Amino acid sequence: MKKQTIVITGVAGFLGSHLADTFLARGYRVVGVDNLSHGSLANLVEARRSPDFEFHELDVCELERFAKAAKGASYIAHLAAFKIPRYGKAIDTLLINSQGSHNALQIAVAEKAKFVLASTSDVYGKNPNIPFSEESDSIIGPSTVARWSYAASKLYDEHLALAFADAYGIPVNIVRIFGSYGPRQNVTWWGGPQSVFIGAILRGEEIPIHGDGKQTRSFTYVSDTVSGIAAMIEKGSSGEIFNIGSTEEISIAELATIIHRLSGSKVPLRLKFIPYDEIGGRRYEDVRRRVPDVSKAGRLLGFAAKVGLEEGLKRTIDWQRALYEAEVSLAGAR
């Protein structure tokens with residue numbers, strides 16, 4: 001029996017690489033594409049051992065090359081994206097996300113493939129009513145604040161995906177991801193505050209916190225995030241949006257304190273609060289609270305986050321510590 005093929009964009013990234021490992025273990029043929037602008041081949045060590053894995057270094061904005069790599073796809077999981085332009089350019093976030101999604105959707109139509117879009121909890125914006133259900137309103141800040149370009153780009157992607165489903169009849173589902181973290185995460189702000197906090201603690205530095213630290217988030221261990229995405233790919237029908245995440249709410253300052261304790265650091269905890277107007281030299285707005293309602297994913301996909309925050313953080317700290325110690329050892333050998 002011929003194996004089904006799933007194409008994963010952003011495959012060398014944090015979630016993409018874990019999703020590739022999951023589907024290879026389930027007996028699929030996996031075709032991964034990534035331009036390696038933020039992903040790393042180190043994340044694909046396990047996947048590249050499999051004869052059922054094929055990697056293409058390319059940009060999802062290159063339609064012709066992308067389409068050639070995706071020939072024969074039964075599923076397309078579109079994870080490649082540019083995130084909040086906190087230190088980058090809003091134009092990259094807007095153009096890469098819109099063009100990449102448009103190309104991936106055109107290919108899904110040509111291949112008659114099931115399409116899955118990785119979206120974000122950021123689309124709920126400044127909505128104060130938590131937990132967020134999939135039908136909650138999106139309340140986005142002003143266009144003069146570049147930070148909202150990411151949410152706007154993902155909302156556009158969601159509408160475009162659902163419009164393609166309506167116009168061309170391809171099955172489309174959308175996953176809104178809440179604060180995923182774990183081994184292989186990017187260790188800069190691109191990977192989230194937990195990445196930066198762990199790195200600062202390992203180096204014995206102050207922990208940089210944007211704003212007053214009272215803003216809250218829900219953090220989801222990578223195995224839970226990926227199990228939710230995989231369930232949606234295999235079980236989701238079409239036209240559905242699913243929140244995937246933990247419902248455990250924690251403030252950013254408390255997160256830093258917990259990570260410091262779990263790390264066993266002998267250096268006293270030092271928090272450095274950075275005003276938003278000092279971030280990247282531009283006006284910035286944050287979201288005060290972010291917690292998902294995952295009852296729909298539980299009911300239709302059987303999803304439930306299983307790894308508690310402290311357990312997940314312990315695993316992540318161990319992984320990042322090994323990475324840090326390897327870098328220190330390499331630097332010492334030079």
# chains A, B, ... in the order shown; residues from 1 in each chain; ligands from 1

$ residues_around --residues "Ser37 (chain A)" --least-positions-apart "3" --cutoff "10 Å" --atoms "only C-alpha atoms" --output "PyMOL selection string"
chain A and resi 10+12-13+34+40+59+82

$ write_last_selection --atoms "N, CA and C atoms" --output "CSV table (one decimal), in the first residue's frame"
chain,number,residue,atom,x,y,z
A,10,GLY,N,8.0,25.0,6.9
A,10,GLY,CA,8.7,25.4,8.1
A,10,GLY,C,9.2,24.1,8.9
A,12,ALA,N,12.0,22.7,9.4
A,12,ALA,CA,13.2,22.8,10.2
A,12,ALA,C,13.1,23.6,11.4
A,13,GLY,N,11.9,24.1,11.6
A,13,GLY,CA,11.6,24.9,12.8
A,13,GLY,C,11.2,24.1,14.0
A,34,ASP,N,11.7,24.3,3.8
A,34,ASP,CA,12.2,25.3,4.8
A,34,ASP,C,13.3,26.1,4.1
A,40,SER,N,16.6,25.1,11.6
A,40,SER,CA,17.9,24.6,11.6
A,40,SER,C,17.9,23.1,11.2
A,59,ASP,N,12.0,28.6,-0.3
A,59,ASP,CA,11.2,29.6,0.3
A,59,ASP,C,9.7,29.4,-0.2
A,82,PHE,N,6.4,34.3,9.4
A,82,PHE,CA,7.2,35.3,10.1
A,82,PHE,C,6.3,35.8,11.3

$ residues_around --residues "region 160-172 of chain A" --least-positions-apart "2" --cutoff "12 Å" --atoms "only C-alpha atoms" --output "PyMOL selection string"
chain A and resi 74-78+97-119+153-158+174-175+232-242

$ select_by_dssp --residues "region 163-197 of chain A" --states "strand (DSSP E or B)" --output "PyMOL selection string"
chain A and resi 172-177+180-181

$ residues_around --residues "Pro275 (chain A)" --least-positions-apart "6" --cutoff "12 Å" --atoms "only C-alpha atoms" --output "list in words"
Pro208, Ile209, His210, Gly211, Asp212, Gly213, Gly281, Arg282, Arg283, Tyr284, Glu285 and Asp286 of chain A

$ atom_distance --atom1 "CA of Ser121 (chain A)" --atom2 "CA of Glu57 (chain A)"
28.2 Å

$ closest_residue --among "A:Phe66, A:Trp190, A:Phe132, A:Tyr124" --to "Gly88 (chain A)" --atoms "only C-alpha atoms"
A:Trp190
